[in-house]
Amino acid sequence: MASKRRRLSRSGEFDRVYREGSSHATRYLVLYTFPRREEEREEVRLGVSVSRKVGGAVERNRVKRTLREAFWSLADRLPPRHDFVIVARSEIGSLIEQDGLAGGTASLEEALAGGRST
């Protein structure tokens, strides 16, 4: 489990990544990334946003857990001093139900490789 320091939790942190960062989209998610200043900690931080369009609370929490696990499994490929926000699209629930962690990881790898820039 990621420590609390490695998570984005305040709305201002999310807003900064949305406003000033870049994004890459796949069919299932949008990945926003924002490089922090040199003097800040080196660790990577993650925020996950899953709307009610994905499903009820149980389904949304399952999607969030799976996306966090998939993201941290790719930690060795991530640049230091970056904030990331994953915004799940409504179709991701069926992908994770069908393919589980492998589906979430594949979608994240596609977004990290570039996806469609927005």
# chains A, B, ... in the order shown; residues from 1 in each chain; ligands from 1

$ residues_around --residues "Ala88 in chain A" --least-positions-apart "2" --cutoff "7 Å" --atoms "only C-alpha atoms" --output "list in words"
Tyr28, Leu29, Val30, Ser49, Val50, Ile86, Ser90 and Ile92 of chain A

$ select_by_dssp --residues "chain A" --states "strand (DSSP E)" --output "PyMOL selection string"
chain A and resi 22-25+29-35+45-50+82-88+116-117

$ atom_distance --atom1 "CA of Leu78 in chain A" --atom2 "CA of Arg19 in chain A"
20.5 Å

$ residues_around --residues "Asp15 in chain A" --least-positions-apart "4" --cutoff "12 Å" --atoms "only C-alpha atoms" --output "list in words"
Leu8, Ser9, Arg10, Ser11, Arg19, Glu20, Gly21, Tyr32, Thr33, Phe34, Gly47, Ser49, Asp83, Phe84 and Val85 of chain A
